[in-house]
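Encoded as structure tokens, the structure appears first; notes follow it.
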Amino acid sequence: MTVLDLQQVSKRYGDGPGEVHALRDVSLSVDAGELVAVMGPSGSGKSTLLTIAGSLEEPTSGEVLVDGRLLSALSANDRARLRRRSVGFVFQDFNLLAGLTAEENVSLPLELDGRPLKSARQLARDVLEQLGLADQATRFPDELSGGERQRVAIARAVVGDRHLLLADEPSGALDSVNAEAVMRLVRAACHGGVAGVVVTHDAQLASWADRVVFLRDGRVVDQTAPPPPPESLLISDQAR
Amino acid sequence: MSVRHSLLALLSEGPKYGLQLRQEFEARTGEVWPLNVGQVYTTLQRLERDGLVASDGDGDDGPQRNFRITTDGEDELAAWLRTPPDLSSPPRDELVIKVLIAARLPGVDVREVVQVHRRHLVELMQQWTRIKDLAANDDVALALVVDAELFRLDGVIRWLDTADGRLKRAKADAGVSTAAPLPKMPKLPRRVGVRR
Ligand SMILES: Nc1ncnc2c1ncn2[C@@H]1O[C@H](COP(=O)(O)OP(=O)(O)OP(=O)(O)O)[C@@H](O)[C@H]1O
Ligand SMILES: [Mg+2]
């Protein structure tokens with residue numbers, strides 16, 4: 001089942017000589033359970049793609065469907081509800097609210113969506129526990145390490161019944177062991193049926209994806225082939 | 001480094017006399033392609049036999065014979081440029097040479113060649129990561145081996161990314177009217193240790 005479908009999406013910022021063509025005719029669809037990485041150099045349009053996929057911005061032309069619903073046909077209210085309910089974001093700077101504890105940060109989207117406080121908090125605690133953060137649940141963001149903050153951000157992005165996880169350089173400044181832990185969480189969410197898109201210029205992060213799409217100057221220029229079974233690599237390795 | 005392909009690369013710039021080929025080969029490849037210049041003529045003969053180059057001369061192998069690349073030769077060169085190098089041993093050298101050659105050749109989009117190799121490397125990394133993902137949590141040894149491989153491949157990709165950025169900038173600096181300044185084969189001191 002296709003969860004995210006970008007159809008010939010273009011995005012221009014500004015006009016006249018200062019016009020920037022951030023995306024050109026980008027088509028991309030991501031199925032439930034699939035993790036797609038978008039790689040490209042700085043300025044290639046990765047973040048733009050993600051904000052448009054998450055309906056934080058509108059494309060200049062082209063269409064975006066989330067869960068089969070055409071975003072351009074939804075009212076602003078419906079779009080906001082879809083974002084809260086179905087889409088989880090992880091930003092590079094984590095975007096946790098400093099005045100809320102880890103648990104409150106995670107439960108906030110559920111509360112905004114009208115879930116009773118008690119059940120929202122319980123769900124948040126459960127997710128944090130799954131991510132090994134039971135002891136940190138009542139701490140504030142500035143009392144957490146970078147890696148812990150990132151895990152809280154992921155907990156917030158997957159809590160509830162999200163179908164689409166969008167992550168922008170989710171390993172931030174983490175060391176590679178913590179970055180790997182973050183990608184394992186994203187993978188686990190996708191195994192649970194979530195469609196995931198991770199944008200990054202880090203090949204090690206991207207290599208966790210089922211499919212890697214290459215962006216250059218706002219265009220999709222290439223993508224990886226479906227992977228062969230893992231055994232083949234070990235066998236060929238022994239053979240040489 | 002293959003003499004065959006370096007000769008094809010020289011001929012893809014236009015027809016050349018045997019003597020000229022020998023001189024250019026020597027001048028351009030000296031340090032980067034440390035090869036026996038005596039091989040040039042035998043290689044040309046074989047290239048002609050295989051239909052990858054053609055000459056207007058008769059049977060005479062003299063230095064005055066004029067060689068040109070055939071369509072098959074162009075195809076062969078294009079395919080070779082995009083063939084992934086053997087990454088089981090020191091990884092970069094063959095790739096560096098391919099990118100340097102691709103940057104010189106008229107009609108070749110070097111950034112497309114770079115992307116072909118980038119994609120191939122990312123696919124390899126995906127396979128290694130999958131092995132790590134499926135490995136038992138306590139199999140630290142396997143994870144370490146896979147990490148080593150991943151970091152090595154990642155390093156090669158970063159070099160490709162840097163090359164891509166440099167080539168883009170070089171092209172922009174050259175403006176639209178003139179052709180991009182093509183990187184010359186660098187003369188490296190032996191001590192830098194270009195691997196054979
Ligand atoms: N709000 C904006 N107004 C004008 N131009 C913008 C805006 N947002 C992005 N751009 C431009 O669009 C292009 C793509 O930007 P984008 O942020 O998507 O790149 P990116 O691939 O995420 O880069 P990075 O790896 O550096 O984060 C850039 O040229 C950028 O300057
Ligand atoms: Mg960005």
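Chain labels A, B, ... are given in the sequence in which chains occur in the structure tokens; within each chain residues are numbered consecutively from 1, and ligands are likewise numbered from 1 in the order shown.
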Exercise for review: Would you give me, as JSON, numbers by chain, the residues of chain B that come within 9 Å of chain A, using only C-alpha atoms?
Suggested key: {"B": [88, 112, 115, 116, 119, 120, 122, 123, 124, 125, 126, 127, 128, 129, 130, 131, 133, 134, 150, 151, 153, 154, 157, 158, 161, 165]}
Just to be explicit: take each residue in the selection above, keep N, CA, C and O atoms, and write the result as an mmCIF file, in the first residue's frame.
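Output below, filename again_12.cif:
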```cif
data_model
loop_
_atom_site.group_PDB
_atom_site.id
_atom_site.type_symbol
_atom_site.label_atom_id
_atom_site.label_comp_id
_atom_site.auth_asym_id
_atom_site.auth_seq_id
_atom_site.Cartn_x
_atom_site.Cartn_y
_atom_site.Cartn_z
ATOM 1 N N SER B 88 38.148 -5.037 -3.441
ATOM 2 C CA SER B 88 38.634 -5.908 -2.387
ATOM 3 C C SER B 88 40.035 -5.512 -1.938
ATOM 4 O O SER B 88 40.463 -5.848 -0.861
ATOM 5 N N GLU B 112 27.915 12.070 -14.320
ATOM 6 C CA GLU B 112 27.081 10.876 -14.482
ATOM 7 C C GLU B 112 27.937 9.635 -14.182
ATOM 8 O O GLU B 112 27.472 8.690 -13.531
ATOM 9 N N GLN B 115 28.208 9.357 -10.543
ATOM 10 C CA GLN B 115 26.968 8.860 -9.945
ATOM 11 C C GLN B 115 26.822 7.339 -10.108
ATOM 12 O O GLN B 115 26.355 6.654 -9.202
ATOM 13 N N VAL B 116 27.244 6.811 -11.257
ATOM 14 C CA VAL B 116 27.186 5.359 -11.458
ATOM 15 C C VAL B 116 27.995 4.660 -10.366
ATOM 16 O O VAL B 116 27.536 3.699 -9.749
ATOM 17 N N ARG B 119 26.331 5.087 -6.858
ATOM 18 C CA ARG B 119 25.205 4.178 -6.652
ATOM 19 C C ARG B 119 25.705 2.756 -6.355
ATOM 20 O O ARG B 119 25.233 2.099 -5.436
ATOM 21 N N HIS B 120 26.690 2.334 -7.120
ATOM 22 C CA HIS B 120 27.211 0.988 -6.903
ATOM 23 C C HIS B 120 27.752 0.833 -5.483
ATOM 24 O O HIS B 120 27.506 -0.173 -4.818
ATOM 25 N N VAL B 122 26.917 2.604 -2.793
ATOM 26 C CA VAL B 122 25.820 2.634 -1.810
ATOM 27 C C VAL B 122 25.111 1.280 -1.791
ATOM 28 O O VAL B 122 24.737 0.782 -0.719
ATOM 29 N N GLU B 123 24.950 0.663 -2.954
ATOM 30 C CA GLU B 123 24.312 -0.663 -2.989
ATOM 31 C C GLU B 123 25.141 -1.679 -2.196
ATOM 32 O O GLU B 123 24.595 -2.488 -1.446
ATOM 33 N N LEU B 124 26.459 -1.599 -2.358
ATOM 34 C CA LEU B 124 27.316 -2.491 -1.559
ATOM 35 C C LEU B 124 27.139 -2.225 -0.074
ATOM 36 O O LEU B 124 27.050 -3.146 0.744
ATOM 37 N N MET B 125 27.084 -0.946 0.287
ATOM 38 C CA MET B 125 26.919 -0.601 1.710
ATOM 39 C C MET B 125 25.580 -1.095 2.236
ATOM 40 O O MET B 125 25.480 -1.552 3.375
ATOM 41 N N GLN B 126 24.549 -1.014 1.410
ATOM 42 C CA GLN B 126 23.234 -1.531 1.837
ATOM 43 C C GLN B 126 23.325 -3.017 2.154
ATOM 44 O O GLN B 126 22.745 -3.497 3.123
ATOM 45 N N GLN B 127 24.071 -3.748 1.311
ATOM 46 C CA GLN B 127 24.193 -5.194 1.552
ATOM 47 C C GLN B 127 24.925 -5.471 2.860
ATOM 48 O O GLN B 127 24.513 -6.315 3.644
ATOM 49 N N TRP B 128 26.009 -4.718 3.088
ATOM 50 C CA TRP B 128 26.748 -4.926 4.336
ATOM 51 C C TRP B 128 25.895 -4.550 5.549
ATOM 52 O O TRP B 128 25.902 -5.224 6.571
ATOM 53 N N THR B 129 25.180 -3.442 5.436
ATOM 54 C CA THR B 129 24.343 -3.009 6.553
ATOM 55 C C THR B 129 23.264 -4.037 6.849
ATOM 56 O O THR B 129 22.940 -4.312 8.008
ATOM 57 N N ARG B 130 22.734 -4.644 5.782
ATOM 58 C CA ARG B 130 21.719 -5.676 5.987
ATOM 59 C C ARG B 130 22.304 -6.863 6.753
ATOM 60 O O ARG B 130 21.658 -7.418 7.642
ATOM 61 N N ILE B 131 23.524 -7.215 6.428
ATOM 62 C CA ILE B 131 24.167 -8.315 7.158
ATOM 63 C C ILE B 131 24.299 -7.961 8.641
ATOM 64 O O ILE B 131 24.003 -8.766 9.517
ATOM 65 N N ASP B 133 22.456 -5.833 10.244
ATOM 66 C CA ASP B 133 21.101 -5.752 10.791
ATOM 67 C C ASP B 133 20.585 -7.145 11.179
ATOM 68 O O ASP B 133 19.955 -7.321 12.219
ATOM 69 N N LEU B 134 20.876 -8.123 10.344
ATOM 70 C CA LEU B 134 20.348 -9.469 10.575
ATOM 71 C C LEU B 134 21.205 -10.277 11.546
ATOM 72 O O LEU B 134 20.783 -11.310 12.040
ATOM 73 N N LEU B 150 32.199 -0.865 5.874
ATOM 74 C CA LEU B 150 31.324 0.288 5.648
ATOM 75 C C LEU B 150 32.100 1.605 5.674
ATOM 76 O O LEU B 150 31.875 2.487 4.861
ATOM 77 N N PHE B 151 33.031 1.717 6.611
ATOM 78 C CA PHE B 151 33.803 2.962 6.688
ATOM 79 C C PHE B 151 34.686 3.125 5.456
ATOM 80 O O PHE B 151 34.866 4.237 4.952
ATOM 81 N N LEU B 153 34.105 1.917 2.396
ATOM 82 C CA LEU B 153 33.262 2.291 1.263
ATOM 83 C C LEU B 153 32.762 3.729 1.418
ATOM 84 O O LEU B 153 32.708 4.487 0.453
ATOM 85 N N ASP B 154 32.437 4.102 2.647
ATOM 86 C CA ASP B 154 31.969 5.460 2.923
ATOM 87 C C ASP B 154 33.047 6.478 2.539
ATOM 88 O O ASP B 154 32.754 7.524 1.969
ATOM 89 N N ILE B 157 33.006 6.969 -1.120
ATOM 90 C CA ILE B 157 31.858 7.795 -1.528
ATOM 91 C C ILE B 157 32.115 9.261 -1.216
ATOM 92 O O ILE B 157 31.802 10.147 -2.009
ATOM 93 N N ARG B 158 32.719 9.516 -0.066
ATOM 94 C CA ARG B 158 33.016 10.915 0.261
ATOM 95 C C ARG B 158 33.988 11.521 -0.730
ATOM 96 O O ARG B 158 33.898 12.698 -1.062
ATOM 97 N N ASP B 161 31.924 12.365 -3.670
ATOM 98 C CA ASP B 161 31.125 13.570 -3.408
ATOM 99 C C ASP B 161 31.990 14.823 -3.561
ATOM 100 O O ASP B 161 31.557 15.826 -4.131
ATOM 101 N N GLY B 165 31.631 17.835 -6.333
ATOM 102 C CA GLY B 165 31.560 19.251 -6.004
ATOM 103 C C GLY B 165 32.628 20.056 -6.721
ATOM 104 O O GLY B 165 32.359 21.124 -7.268
#
```
Practice item. Assign secondary structure with DSSP using the backbone only, and return the residues of segment 43-197 of chain A in helix (DSSP H, G or I) as a PyMOL selection string. Key: chain A and resi 46-53+71-73+76-86+102-112+117-130+134-136+141-143+146-158+176-191
Exercise for review: Around ligand 1, at most 7 Å away and counting only C-alpha atoms and all ligand atoms, which residues are there? Put them as a VMD selection string, please.
Suggested key: chain A and resid 13 to 14 20 to 22 40 to 49 201
Output file for the residues above (N, CA, C and O atoms, as a PDB file, in the first residue's frame):
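The resulting selection.pdb:
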```
ATOM      1  N   TYR A  13      11.226  28.904  -5.144  1.00  0.00           N
ATOM      2  CA  TYR A  13      11.214  29.966  -4.146  1.00  0.00           C
ATOM      3  C   TYR A  13      11.545  31.271  -4.842  1.00  0.00           C
ATOM      4  O   TYR A  13      12.455  31.312  -5.659  1.00  0.00           O
ATOM      5  N   GLY A  14      10.826  32.336  -4.503  1.00  0.00           N
ATOM      6  CA  GLY A  14      11.114  33.655  -5.059  1.00  0.00           C
ATOM      7  C   GLY A  14      10.802  33.713  -6.544  1.00  0.00           C
ATOM      8  O   GLY A  14      10.320  32.751  -7.125  1.00  0.00           O
ATOM      9  N   VAL A  20      14.757  30.431  -7.108  1.00  0.00           N
ATOM     10  CA  VAL A  20      15.465  29.176  -6.847  1.00  0.00           C
ATOM     11  C   VAL A  20      14.524  28.023  -7.176  1.00  0.00           C
ATOM     12  O   VAL A  20      13.401  27.961  -6.691  1.00  0.00           O
ATOM     13  N   HIS A  21      14.993  27.134  -8.015  1.00  0.00           N
ATOM     14  CA  HIS A  21      14.206  25.960  -8.370  1.00  0.00           C
ATOM     15  C   HIS A  21      14.649  24.828  -7.447  1.00  0.00           C
ATOM     16  O   HIS A  21      15.557  24.083  -7.775  1.00  0.00           O
ATOM     17  N   ALA A  22      14.021  24.717  -6.285  1.00  0.00           N
ATOM     18  CA  ALA A  22      14.507  23.766  -5.279  1.00  0.00           C
ATOM     19  C   ALA A  22      14.170  22.324  -5.648  1.00  0.00           C
ATOM     20  O   ALA A  22      14.935  21.406  -5.344  1.00  0.00           O
ATOM     21  N   GLY A  40      21.799  13.438  -1.272  1.00  0.00           N
ATOM     22  CA  GLY A  40      22.145  14.481  -2.227  1.00  0.00           C
ATOM     23  C   GLY A  40      23.002  15.510  -1.546  1.00  0.00           C
ATOM     24  O   GLY A  40      22.990  15.625  -0.320  1.00  0.00           O
ATOM     25  N   PRO A  41      23.760  16.273  -2.323  1.00  0.00           N
ATOM     26  CA  PRO A  41      24.625  17.286  -1.724  1.00  0.00           C
ATOM     27  C   PRO A  41      23.818  18.420  -1.110  1.00  0.00           C
ATOM     28  O   PRO A  41      22.607  18.523  -1.333  1.00  0.00           O
ATOM     29  N   SER A  42      24.485  19.252  -0.368  1.00  0.00           N
ATOM     30  CA  SER A  42      23.840  20.401   0.263  1.00  0.00           C
ATOM     31  C   SER A  42      23.169  21.268  -0.813  1.00  0.00           C
ATOM     32  O   SER A  42      23.761  21.528  -1.856  1.00  0.00           O
ATOM     33  N   GLY A  43      21.933  21.655  -0.540  1.00  0.00           N
ATOM     34  CA  GLY A  43      21.224  22.504  -1.490  1.00  0.00           C
ATOM     35  C   GLY A  43      20.530  21.755  -2.604  1.00  0.00           C
ATOM     36  O   GLY A  43      19.933  22.360  -3.497  1.00  0.00           O
ATOM     37  N   SER A  44      20.571  20.430  -2.570  1.00  0.00           N
ATOM     38  CA  SER A  44      19.967  19.654  -3.665  1.00  0.00           C
ATOM     39  C   SER A  44      18.454  19.541  -3.532  1.00  0.00           C
ATOM     40  O   SER A  44      17.800  19.051  -4.444  1.00  0.00           O
ATOM     41  N   GLY A  45      17.903  19.958  -2.392  1.00  0.00           N
ATOM     42  CA  GLY A  45      16.445  19.960  -2.252  1.00  0.00           C
ATOM     43  C   GLY A  45      15.898  18.930  -1.286  1.00  0.00           C
ATOM     44  O   GLY A  45      14.686  18.718  -1.219  1.00  0.00           O
ATOM     45  N   LYS A  46      16.767  18.296  -0.502  1.00  0.00           N
ATOM     46  CA  LYS A  46      16.328  17.217   0.385  1.00  0.00           C
ATOM     47  C   LYS A  46      15.309  17.702   1.421  1.00  0.00           C
ATOM     48  O   LYS A  46      14.242  17.101   1.568  1.00  0.00           O
ATOM     49  N   SER A  47      15.641  18.776   2.131  1.00  0.00           N
ATOM     50  CA  SER A  47      14.720  19.263   3.168  1.00  0.00           C
ATOM     51  C   SER A  47      13.424  19.770   2.539  1.00  0.00           C
ATOM     52  O   SER A  47      12.336  19.591   3.100  1.00  0.00           O
ATOM     53  N   THR A  48      13.549  20.407   1.374  1.00  0.00           N
ATOM     54  CA  THR A  48      12.357  20.887   0.679  1.00  0.00           C
ATOM     55  C   THR A  48      11.419  19.721   0.368  1.00  0.00           C
ATOM     56  O   THR A  48      10.213  19.789   0.595  1.00  0.00           O
ATOM     57  N   LEU A  49      12.001  18.630  -0.119  1.00  0.00           N
ATOM     58  CA  LEU A  49      11.198  17.448  -0.420  1.00  0.00           C
ATOM     59  C   LEU A  49      10.453  16.966   0.823  1.00  0.00           C
ATOM     60  O   LEU A  49       9.257  16.644   0.772  1.00  0.00           O
ATOM     61  N   HIS A 201      23.019  13.234   3.789  1.00  0.00           N
ATOM     62  CA  HIS A 201      24.108  13.098   2.836  1.00  0.00           C
ATOM     63  C   HIS A 201      25.121  12.059   3.333  1.00  0.00           C
ATOM     64  O   HIS A 201      26.176  11.883   2.754  1.00  0.00           O
TER      65      HIS A 201
END
```
Review point. DSSP says strand (DSSP E or B) for which residues of segment 56-131 of chain B? Put them as a list of chain:residue names?
Key: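 Written out, the strand (DSSP E or B) residues of segment 56-131 of chain B are B:Asn66, B:Phe67, B:Arg68, B:Ile69.
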